[in-house]
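K.L.:
For reference, this is structure14.cif, and it has mmCIF, C-alpha atoms.
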data_input
#
loop_
_atom_site.label_atom_id
_atom_site.label_comp_id
_atom_site.auth_asym_id
_atom_site.auth_seq_id
_atom_site.Cartn_x
_atom_site.Cartn_y
_atom_site.Cartn_z
CA MET A 248 -27.16 -9.29 -0.58
CA ILE A 249 -26.03 -5.70 -1.10
CA TYR A 250 -22.33 -5.32 -1.89
CA TYR A 251 -20.71 -1.90 -1.66
CA THR A 252 -17.54 -1.27 -3.63
CA LYS A 253 -15.09 1.53 -2.97
CA GLU A 254 -16.71 3.54 -5.77
CA HIS A 255 -19.96 3.71 -3.78
CA PHE A 256 -18.50 5.74 -0.92
CA LEU A 257 -14.77 6.47 -1.03
CA GLU A 258 -13.54 9.78 -2.35
CA SER A 259 -11.04 8.66 -5.00
CA PRO A 260 -8.39 6.02 -5.79
CA ASP A 261 -5.65 8.27 -4.41
CA PHE A 262 -7.64 9.09 -1.25
CA PRO A 263 -9.82 6.04 -0.47
CA PHE A 264 -11.67 7.51 2.51
CA HIS A 265 -15.10 8.61 3.66
CA ILE A 266 -16.61 9.67 6.99
CA ALA A 267 -20.12 10.72 7.97
CA PRO A 268 -22.46 10.69 10.96
CA TYR A 269 -25.76 8.91 10.33
CA GLU A 270 -29.00 9.13 12.30
CA PHE A 271 -31.22 6.05 12.31
CA HIS A 272 -34.77 6.19 13.61
CA SER A 273 -36.93 3.08 13.36
CA ASN A 274 -35.35 2.06 10.09
CA ALA A 275 -32.85 -0.75 9.79
CA ILE A 276 -29.78 -1.08 7.62
CA ALA A 277 -30.12 -4.36 5.75
CA PRO A 278 -27.26 -6.86 5.94
CA HIS A 279 -24.57 -5.99 3.43
CA LYS A 280 -20.89 -6.43 2.63
CA HIS A 281 -18.22 -4.01 1.45
CA GLU A 282 -14.65 -4.14 0.18
CA PHE A 283 -13.31 -1.53 2.58
CA ILE A 284 -12.71 -1.28 6.33
CA GLU A 285 -15.52 0.27 8.37
CA CYS A 286 -14.99 1.73 11.84
CA VAL A 287 -18.18 2.44 13.77
CA PHE A 288 -18.74 4.73 16.75
CA VAL A 289 -22.18 4.79 18.37
CA ALA A 290 -22.62 8.38 19.58
CA GLU A 291 -26.26 8.22 20.69
CA GLY A 292 -29.04 5.69 21.21
CA GLU A 293 -29.01 1.92 21.16
CA GLY A 294 -29.69 -0.86 18.75
CA GLU A 295 -28.50 -4.20 17.43
CA HIS A 296 -25.60 -5.07 15.23
CA ILE A 297 -26.21 -8.09 13.00
CA TYR A 298 -22.76 -9.49 12.31
CA GLN A 299 -22.08 -12.69 10.34
CA GLY A 300 -25.57 -13.99 11.16
CA GLU A 301 -25.40 -13.22 14.90
CA THR A 302 -27.09 -10.32 16.69
CA TYR A 303 -25.35 -8.21 19.34
CA PRO A 304 -26.63 -5.23 21.36
CA ILE A 305 -24.86 -1.92 20.76
CA ALA A 306 -25.29 1.40 22.52
CA ARG A 307 -23.77 4.81 23.08
CA GLY A 308 -20.00 4.63 23.55
CA ASP A 309 -19.41 1.46 21.50
CA PHE A 310 -16.58 1.50 18.98
CA PHE A 311 -15.79 -1.45 16.74
CA VAL A 312 -14.13 -2.40 13.46
CA ILE A 313 -15.80 -4.22 10.57
CA GLU A 314 -13.31 -5.94 8.30
CA PRO A 315 -13.82 -6.13 4.51
CA GLN A 316 -16.19 -8.83 3.19
CA ALA A 317 -17.92 -9.31 6.58
CA GLU A 318 -21.72 -9.43 6.33
CA HIS A 319 -23.39 -7.08 8.79
CA GLY A 320 -26.31 -4.69 9.36
CA TYR A 321 -28.04 -2.60 12.04
CA ARG A 322 -31.39 -2.21 13.81
CA VAL A 323 -32.59 0.53 16.17
CA THR A 324 -34.11 -0.83 19.39
CA GLY A 325 -34.39 2.22 21.65
CA SER A 326 -36.98 4.97 21.79
CA VAL A 327 -34.54 7.62 20.53
CA PRO A 328 -32.66 7.73 17.23
CA MET A 329 -29.32 5.94 17.04
CA VAL A 330 -26.49 8.16 15.81
CA VAL A 331 -23.38 6.47 14.47
CA TYR A 332 -20.20 7.74 12.88
CA ASN A 333 -18.95 5.60 10.00
CA ILE A 334 -15.29 5.79 9.01
CA LEU A 335 -14.65 3.99 5.72
CA PHE A 336 -11.26 3.48 4.13
CA LEU A 337 -8.93 1.10 2.35
CA PRO A 338 -5.72 0.02 4.14
CA GLU A 339 -3.54 1.73 1.51
CA LEU A 340 -4.78 5.11 2.77
CA LEU A 341 -2.56 4.61 5.83
CA GLU A 342 -0.09 2.10 4.45
CA VAL A 343 3.04 3.55 6.10
CA GLU A 344 1.26 4.46 9.33
CA LEU A 345 -0.41 1.05 9.68
CA ARG A 346 2.93 -0.64 9.18
CA GLN A 347 4.40 1.41 11.99
CA LEU A 348 1.45 0.80 14.32
CA SER A 349 1.56 -2.91 13.53
CA GLN A 350 4.70 -3.06 15.64
CA VAL A 351 2.61 -2.06 18.68
CA THR A 352 0.74 -4.96 20.26
CA PRO A 353 -2.22 -2.92 21.62
CA PHE A 354 -3.01 -1.69 18.12
CA ILE A 355 -2.75 -5.21 16.69
CA ARG A 356 -5.12 -6.46 19.35
CA PHE A 357 -7.73 -3.78 18.69
CA PHE A 358 -7.54 -3.32 14.94
CA TYR A 359 -6.83 -6.85 13.71
CA LEU A 360 -7.57 -9.23 16.58
CA GLU A 361 -10.93 -7.91 17.79
CA PRO A 362 -12.92 -8.47 14.57
CA MET A 363 -11.57 -12.01 14.16
CA ILE A 364 -12.58 -13.30 17.59
CA ARG A 365 -15.79 -11.31 17.93
CA VAL A 366 -18.27 -14.01 16.97
CA SER A 367 -16.94 -16.84 19.11
CA SER A 368 -16.40 -14.56 22.09
CA GLU A 369 -19.92 -13.11 22.12
CA PHE A 370 -18.73 -9.66 21.13
CA GLN A 371 -16.94 -9.16 24.44
CA TYR A 372 -13.98 -7.61 22.68
CA HIS A 373 -15.73 -4.57 21.27
CA LEU A 374 -14.61 -1.35 22.94
CA LYS A 375 -17.04 0.37 25.31
CA LEU A 376 -15.84 3.92 25.89
CA THR A 377 -16.32 5.85 29.12
CA VAL A 378 -18.17 9.16 29.00
CA ASN A 379 -14.91 11.14 28.81
CA GLU A 380 -13.41 8.80 26.21
CA GLY A 381 -16.60 9.05 24.17
CA LEU A 382 -16.51 12.85 24.29
CA GLU A 383 -12.86 12.86 23.23
CA THR A 384 -13.62 10.45 20.39
CA LYS A 385 -16.60 12.49 19.18
CA PHE A 386 -14.48 15.65 19.28
CA VAL A 387 -11.83 14.08 17.01
CA LEU A 388 -14.48 12.60 14.70
CA ASP A 389 -16.23 15.95 14.34
CA ARG A 390 -12.92 17.56 13.44
CA ILE A 391 -12.33 14.90 10.79
CA VAL A 392 -15.87 15.38 9.44
CA GLY A 393 -15.22 19.12 9.24
CA GLU A 394 -11.91 18.76 7.41
CA TYR A 395 -13.32 16.18 5.03
CA GLY A 396 -16.40 18.31 4.31
CA LYS A 397 -14.60 21.60 3.68
CA LYS A 398 -11.70 20.05 1.74
CA GLU A 399 -9.45 23.03 2.33
CA LEU A 400 -5.73 23.12 1.62
CA GLY A 401 -3.98 20.13 3.21
CA TYR A 402 -7.20 18.46 4.38
CA ARG A 403 -5.99 14.97 3.42
CA LEU A 404 -2.92 15.26 5.62
CA CYS A 405 -5.07 16.55 8.48
CA VAL A 406 -7.53 13.68 8.10
CA LYS A 407 -4.77 11.07 8.14
CA ALA A 408 -3.07 12.67 11.15
CA MET A 409 -6.32 12.78 13.14
CA LEU A 410 -7.15 9.19 12.19
CA MET A 411 -3.83 8.05 13.60
CA GLU A 412 -4.46 10.09 16.76
CA LEU A 413 -7.82 8.35 17.12
CA PHE A 414 -6.45 4.84 16.49
CA ILE A 415 -3.67 5.31 19.02
CA SER A 416 -6.11 6.52 21.69
CA LEU A 417 -8.49 3.63 20.98
CA SER A 418 -5.65 1.12 21.14
CA ARG A 419 -4.54 2.46 24.51
CA TRP A 420 -8.06 2.31 25.94
CA TYR A 421 -8.61 -1.14 24.51
CA GLU A 422 -5.44 -2.49 26.07
CA LYS A 423 -6.46 -1.20 29.50
CA ARG A 424 -9.67 -3.21 29.35
CA VAL A 425 -8.68 -6.31 27.42
CA SER A 426 -5.47 -7.95 28.42
CA GLU A 427 -6.46 -11.63 28.58
CA PRO A 428 -4.77 -13.84 25.98
CA LEU A 429 -6.56 -15.83 23.32
CA SER A 430 -6.01 -18.97 25.36
CA ALA A 431 -8.41 -17.56 27.95
CA VAL A 432 -11.32 -17.76 25.51
CA ARG A 433 -10.25 -20.59 23.18
CA ASP A 434 -8.68 -24.03 23.39
CA GLU A 435 -5.18 -24.58 22.03
CA LYS A 436 -6.30 -26.11 18.73
CA SER A 437 -8.62 -23.21 17.93
CA VAL A 438 -5.90 -20.74 18.96
CA MET A 439 -3.55 -22.27 16.40
CA ALA A 440 -6.33 -22.23 13.79
CA TRP A 441 -6.84 -18.54 14.58
CA VAL A 442 -3.11 -17.87 14.11
CA CYS A 443 -3.24 -19.51 10.66
CA GLU A 444 -6.32 -17.53 9.63
CA PHE A 445 -4.85 -14.32 11.05
CA THR A 446 -1.66 -14.92 9.03
CA LYS A 447 -3.60 -15.45 5.80
CA LEU A 448 -5.44 -12.17 6.29
CA HIS A 449 -2.47 -10.08 7.46
CA TYR A 450 0.51 -11.82 5.83
CA ALA A 451 2.09 -8.54 4.69
CA GLN A 452 2.05 -6.86 8.09
CA PRO A 453 5.42 -6.65 9.88
CA ILE A 454 4.03 -8.44 12.93
CA MET A 455 6.71 -9.93 15.14
CA MET A 456 6.74 -13.42 16.56
CA GLU A 457 6.77 -11.98 20.07
CA GLN A 458 3.44 -10.27 19.41
CA ILE A 459 1.84 -13.48 18.18
CA TYR A 460 2.77 -15.69 21.10
CA GLN A 461 2.05 -12.92 23.63
CA MET A 462 -1.46 -12.55 22.23
CA CYS A 463 -1.84 -16.32 22.44
CA GLY A 464 -0.74 -16.22 26.09
CA MET A 465 2.14 -18.63 25.55
CA SER A 466 5.89 -18.65 25.94
CA ALA A 467 7.99 -18.64 22.79
CA ALA A 468 8.92 -22.30 23.28
CA ALA A 469 5.34 -23.41 23.94
CA PHE A 470 3.96 -21.52 20.96
CA THR A 471 6.68 -22.84 18.63
CA ALA A 472 6.04 -26.44 19.66
CA LYS A 473 2.24 -26.22 19.53
CA PHE A 474 2.17 -24.41 16.19
CA LYS A 475 4.49 -26.94 14.57
CA GLN A 476 2.40 -29.77 15.96
CA TYR A 477 -0.74 -28.17 14.52
CA ALA A 478 0.55 -26.96 11.13
CA GLY A 479 3.42 -29.37 10.51
CA LYS A 480 5.88 -26.50 10.09
CA THR A 481 7.18 -23.49 11.96
CA PHE A 482 5.24 -20.24 12.05
CA MET A 483 7.86 -18.49 9.90
CA GLU A 484 7.71 -21.29 7.33
CA TYR A 485 3.92 -21.04 7.28
CA ARG A 486 3.92 -17.27 6.87
CA ASN A 487 6.53 -17.47 4.11
CA GLU A 488 4.36 -19.99 2.26
CA VAL A 489 1.38 -17.63 2.49
CA ARG A 490 3.46 -14.68 1.32
CA ILE A 491 5.08 -16.57 -1.55
CA GLY A 492 1.67 -17.90 -2.61
CA MET A 493 0.39 -14.35 -2.93
CA ALA A 494 3.59 -13.32 -4.73
CA CYS A 495 2.96 -16.07 -7.29
CA GLU A 496 -0.52 -14.71 -7.91
CA LEU A 497 0.86 -11.22 -8.42
CA LEU A 498 3.62 -12.46 -10.72
CA ARG A 499 1.02 -14.20 -12.87
CA SER A 500 -1.57 -11.43 -12.91
CA SER A 501 0.36 -8.17 -12.82
CA GLY A 502 3.29 -6.53 -14.53
CA ASP A 503 4.65 -5.00 -11.33
CA LYS A 504 8.37 -5.07 -10.75
CA ILE A 505 9.58 -7.97 -8.65
CA ILE A 506 10.93 -5.67 -5.95
CA HIS A 507 7.50 -4.05 -5.60
CA ILE A 508 5.79 -7.44 -5.37
CA ALA A 509 8.27 -8.51 -2.70
CA GLN A 510 7.43 -5.42 -0.64
CA GLU A 511 3.69 -5.85 -1.19
CA VAL A 512 3.72 -9.35 0.30
CA GLY A 513 5.85 -8.40 3.29
CA PHE A 514 9.48 -8.84 2.23
CA ASN A 515 11.56 -5.68 2.59
CA ASP A 516 14.76 -7.47 1.60
CA LEU A 517 14.77 -8.55 -2.06
CA SER A 518 17.51 -11.14 -1.62
CA HIS A 519 15.56 -12.75 1.25
CA PHE A 520 12.46 -12.79 -0.96
CA ASN A 521 14.35 -14.38 -3.86
CA LYS A 522 15.83 -17.05 -1.59
CA ALA A 523 12.50 -17.89 0.05
CA PHE A 524 10.74 -17.93 -3.31
CA LYS A 525 13.22 -20.36 -4.86
CA GLN A 526 13.13 -22.64 -1.81
CA LEU A 527 9.37 -23.03 -2.17
CA THR A 528 8.90 -23.04 -5.94
CA GLY A 529 12.23 -24.25 -7.29
CA LYS A 530 12.43 -21.13 -9.48
CA THR A 531 13.46 -17.52 -9.13
CA PRO A 532 10.60 -15.00 -9.32
CA GLY A 533 11.70 -14.03 -12.82
CA GLN A 534 11.78 -17.65 -13.98
CA TYR A 535 8.37 -18.28 -12.43
CA ARG A 536 6.85 -15.30 -14.23
CA SER A 537 8.40 -16.32 -17.56
CA THR A 538 7.14 -19.89 -17.20
CA ALA A 539 3.65 -18.69 -16.30
CA LEU A 540 3.51 -16.38 -19.30
CA THR A 541 4.83 -18.88 -21.83
CA SER A 542 2.59 -21.70 -20.60
CA GLY A 543 -0.58 -19.65 -20.84
CA ASN A 544 -0.89 -19.43 -17.07
CA ARG A 545 -1.19 -23.19 -16.70
CA SER A 546 1.00 -22.83 -13.64
CA SER A 547 -1.92 -21.10 -11.89
CA HIS A 548 -2.75 -24.55 -10.55
CA HIS A 549 0.60 -24.75 -8.77
CA ASN A 550 0.34 -25.25 -5.00
CA TYR A 551 2.17 -22.03 -4.43
#
Represent the structure from my file as structure tokens, please.
P.N.:
Amino acid sequence: MIYYTKEHFLESPDFPFHIAPYEFHSNAIAPHKHEFIECVFVAEGEGEHIYQGETYPIARGDFFVIEPQAEHGYRVTGSVPMVVYNILFLPELLEVELRQLSQVTPFIRFFYLEPMIRVSSEFQYHLKLTVNEGLETKFVLDRIVGEYGKKELGYRLCVKAMLMELFISLSRWYEKRVSEPLSAVRDEKSVMAWVCEFTKLHYAQPIMMEQIYQMCGMSAAAFTAKFKQYAGKTFMEYRNEVRIGMACELLRSSGDKIIHIAQEVGFNDLSHFNKAFKQLTGKTPGQYRSTALTSGNRSSHHNY
């Protein structure tokens, strides 16, 4: 299995980004994994996308997101070359912007939800652009390719601005086509399992409760009751446990300031973080770090 790290493709640690159009003829791209996000736009031709062991047809106008660590590859099936644009980046490239967009449900649905439910839903959630949408997308992508290639003054700001323009347009188009809730394609138990998995992957995102139960197709009361029945705790309690668990890892493995760790795991209020941390671990973050250091990291086996 080929594994691509950020050093293989991305420009630099302070600008973890890469974009390029690729033309595939009869050759295939072997299944591989990578540690960065990959956005794919099929500009010409048709082929197959091998994703997590399943094969799906792709063709001109398709746009989809490949999350980090997902095994995937490509094959050309048509008589003409398949041209794809690959946008590769780490989330920290757009940290502030992604936080802002995470407050918009259409973006959450497209960027975070679509990859997670792709396999079980037979790829029905990938975005198929119309001719005009495809032309608009290719125009923006070509502009980004140009800026990234020339690297003139201010190119990084231009690239980020155009990426956000693209993501907003894609989210709007996606929402027009896909409005059915998760409950339309999954039973209640698997919906709750999805919520738990989604939370583990995106614990630091400022996603609101309203967005979660709307995407599940449930009222607030129904979601609250069903989640507690499934997980044995409220959604907020579950998310706090996930966040505090990650904070414990960071406290043990890094020398970052506690306020920075709190922000990294999704707490913007330090006092709220300290209170939640002590409720779950019985210690303040500072006490936890001191104990971990003096005990030779034996506390790494702690549940949290």
K.L.:
Could you check the closest approach to Val327 in chain A for each of A:Arg424, A:Arg536, A:Lys522, A:His272 and tell me which residue wins, using only C-alpha atoms?
P.N.:
A:His272
K.L.:
By how many Å are CA of Lys436 in chain A and CA of Met462 in chain A apart?
P.N.:
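Computing it gives 14.8 Å between the two atoms.
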K.L.:
Need to verify the contact set: Arg322 in chain A, 8 Å, all atoms listed in the file, exclusion of same-chain residues closer than 5 positions in sequence. Can you return it as a count of residues only?
P.N.:
8
K.L.:
Nearest to Val387 in chain A: which of A:Val406, A:Val442, A:Leu335, A:Ala317 is it, counting all atoms listed in the file?
P.N.:
A:Val406
K.L.:
Measuring atom to atom with all atoms listed in the file, identify which of A:Tyr460, A:Tyr332, A:Phe262, A:Phe514 is nearest to Val289 in chain A.
P.N.:
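Among the listed residues, the smallest separation from Val289 in chain A belongs to A:Tyr332.
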K.L.:
So what does the PyMOL selection byres ((chain A and resi 443-447) around 12) actually pick up in this one, as a short mmCIF file (atom, residue, chain, number, x, y, z; two decimals) with C-alpha atoms, in the coordinates of the input?
P.N.:
data_model
loop_
_atom_site.label_atom_id
_atom_site.label_comp_id
_atom_site.auth_asym_id
_atom_site.auth_seq_id
_atom_site.Cartn_x
_atom_site.Cartn_y
_atom_site.Cartn_z
CA ILE A 355 -2.75 -5.21 16.69
CA ARG A 356 -5.12 -6.46 19.35
CA PHE A 358 -7.54 -3.32 14.94
CA TYR A 359 -6.83 -6.85 13.71
CA LEU A 360 -7.57 -9.23 16.58
CA GLU A 361 -10.93 -7.91 17.79
CA PRO A 362 -12.92 -8.47 14.57
CA MET A 363 -11.57 -12.01 14.16
CA ILE A 364 -12.58 -13.30 17.59
CA LYS A 436 -6.30 -26.11 18.73
CA SER A 437 -8.62 -23.21 17.93
CA VAL A 438 -5.90 -20.74 18.96
CA MET A 439 -3.55 -22.27 16.40
CA ALA A 440 -6.33 -22.23 13.79
CA TRP A 441 -6.84 -18.54 14.58
CA VAL A 442 -3.11 -17.87 14.11
CA LEU A 448 -5.44 -12.17 6.29
CA HIS A 449 -2.47 -10.08 7.46
CA TYR A 450 0.51 -11.82 5.83
CA ALA A 451 2.09 -8.54 4.69
CA GLN A 452 2.05 -6.86 8.09
CA PRO A 453 5.42 -6.65 9.88
CA ILE A 454 4.03 -8.44 12.93
CA MET A 455 6.71 -9.93 15.14
CA MET A 456 6.74 -13.42 16.56
CA ILE A 459 1.84 -13.48 18.18
CA MET A 462 -1.46 -12.55 22.23
CA CYS A 463 -1.84 -16.32 22.44
CA PHE A 474 2.17 -24.41 16.19
CA LYS A 475 4.49 -26.94 14.57
CA TYR A 477 -0.74 -28.17 14.52
CA ALA A 478 0.55 -26.96 11.13
CA GLY A 479 3.42 -29.37 10.51
CA LYS A 480 5.88 -26.50 10.09
CA THR A 481 7.18 -23.49 11.96
CA PHE A 482 5.24 -20.24 12.05
CA MET A 483 7.86 -18.49 9.90
CA GLU A 484 7.71 -21.29 7.33
CA TYR A 485 3.92 -21.04 7.28
CA ARG A 486 3.92 -17.27 6.87
CA ASN A 487 6.53 -17.47 4.11
CA GLU A 488 4.36 -19.99 2.26
CA VAL A 489 1.38 -17.63 2.49
CA ARG A 490 3.46 -14.68 1.32
CA ILE A 491 5.08 -16.57 -1.55
CA GLY A 492 1.67 -17.90 -2.61
CA MET A 493 0.39 -14.35 -2.93
CA VAL A 512 3.72 -9.35 0.30
CA GLY A 513 5.85 -8.40 3.29
#
K.L.:
Measuring atom to atom with only C-alpha atoms, identify which of A:Glu412, A:Glu291, A:Asp434, A:Glu314 is nearest to Gly381 in chain A.
P.N.:
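Of A:Glu412, A:Glu291, A:Asp434, A:Glu314, the one nearest Gly381 in chain A is A:Glu291, counting only C-alpha atoms.
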K.L.:
Using only C-alpha atoms, which of the listed residues (A:Val312, A:Leu376, A:Leu388, A:Val343) sits closest to Pro268 in chain A?
P.N.:
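Looking at the shortest contact to Pro268 in chain A, the residue is A:Leu388.
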K.L.:
Using only C-alpha atoms, pick whichever of A:Ser326, A:Gln461, A:Asn333, A:Ser537 has the shortest atom-to-atom distance to Glu285 in chain A.
P.N.:
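So, comparing all the options, the nearest one is A:Asn333.
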K.L.:
What is the CA of Ala306 in chain A to CA of Thr377 in chain A distance in Å?
P.N.:
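So the two atoms, CA of Ala306 in chain A and CA of Thr377 in chain A, lie 12.0 Å apart.
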K.L.:
Save range 373-395 of chain A of the structure in the block above to a file, with N, CA and C atoms included, as a compact mmCIF listing (two decimals), in the first residue's frame.
P.N.:
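Dumped everything to decode_26.txt:
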# COMPACT_ATOMS: atom_id res chain seq x y z
N HIS A 373 -22.13 11.97 -3.95
CA HIS A 373 -21.12 12.77 -4.62
C HIS A 373 -21.85 13.82 -5.46
N LEU A 374 -21.16 14.90 -5.76
CA LEU A 374 -21.81 16.03 -6.43
C LEU A 374 -21.57 15.95 -7.93
N LYS A 375 -22.66 15.88 -8.69
CA LYS A 375 -22.61 15.86 -10.15
C LYS A 375 -22.98 17.26 -10.63
N LEU A 376 -22.01 17.97 -11.20
CA LEU A 376 -22.23 19.34 -11.61
C LEU A 376 -22.91 19.40 -12.98
N THR A 377 -23.73 20.44 -13.17
CA THR A 377 -24.30 20.70 -14.49
C THR A 377 -23.20 21.24 -15.39
N VAL A 378 -23.49 21.40 -16.67
CA VAL A 378 -22.50 21.92 -17.60
C VAL A 378 -22.01 23.30 -17.17
N ASN A 379 -22.96 24.18 -16.83
CA ASN A 379 -22.58 25.54 -16.40
C ASN A 379 -21.80 25.53 -15.10
N GLU A 380 -22.23 24.71 -14.14
CA GLU A 380 -21.51 24.61 -12.86
C GLU A 380 -20.10 24.06 -13.08
N GLY A 381 -19.99 23.08 -13.99
CA GLY A 381 -18.68 22.52 -14.30
C GLY A 381 -17.76 23.54 -14.93
N LEU A 382 -18.29 24.36 -15.83
CA LEU A 382 -17.49 25.40 -16.46
C LEU A 382 -17.03 26.43 -15.43
N GLU A 383 -17.94 26.80 -14.53
CA GLU A 383 -17.60 27.76 -13.48
C GLU A 383 -16.52 27.19 -12.56
N THR A 384 -16.67 25.91 -12.22
CA THR A 384 -15.69 25.26 -11.35
C THR A 384 -14.33 25.18 -12.03
N LYS A 385 -14.31 24.79 -13.29
CA LYS A 385 -13.03 24.69 -14.03
C LYS A 385 -12.37 26.06 -14.16
N PHE A 386 -13.17 27.11 -14.33
CA PHE A 386 -12.62 28.46 -14.42
C PHE A 386 -11.91 28.83 -13.12
N VAL A 387 -12.55 28.57 -11.98
CA VAL A 387 -11.93 28.88 -10.68
C VAL A 387 -10.68 28.03 -10.47
N LEU A 388 -10.76 26.73 -10.80
CA LEU A 388 -9.62 25.84 -10.62
C LEU A 388 -8.43 26.27 -11.48
N ASP A 389 -8.71 26.68 -12.71
CA ASP A 389 -7.62 27.14 -13.58
C ASP A 389 -6.97 28.41 -13.03
N ARG A 390 -7.77 29.27 -12.45
CA ARG A 390 -7.21 30.48 -11.82
C ARG A 390 -6.33 30.10 -10.64
N ILE A 391 -6.77 29.13 -9.84
CA ILE A 391 -5.95 28.69 -8.70
C ILE A 391 -4.65 28.05 -9.19
N VAL A 392 -4.75 27.21 -10.23
CA VAL A 392 -3.56 26.59 -10.81
C VAL A 392 -2.58 27.66 -11.28
N GLY A 393 -3.10 28.70 -11.93
CA GLY A 393 -2.26 29.78 -12.41
C GLY A 393 -1.55 30.52 -11.29
N GLU A 394 -2.30 30.88 -10.25
CA GLU A 394 -1.71 31.58 -9.11
C GLU A 394 -0.65 30.73 -8.42
N TYR A 395 -0.99 29.46 -8.23
CA TYR A 395 -0.08 28.55 -7.54
C TYR A 395 1.18 28.30 -8.36
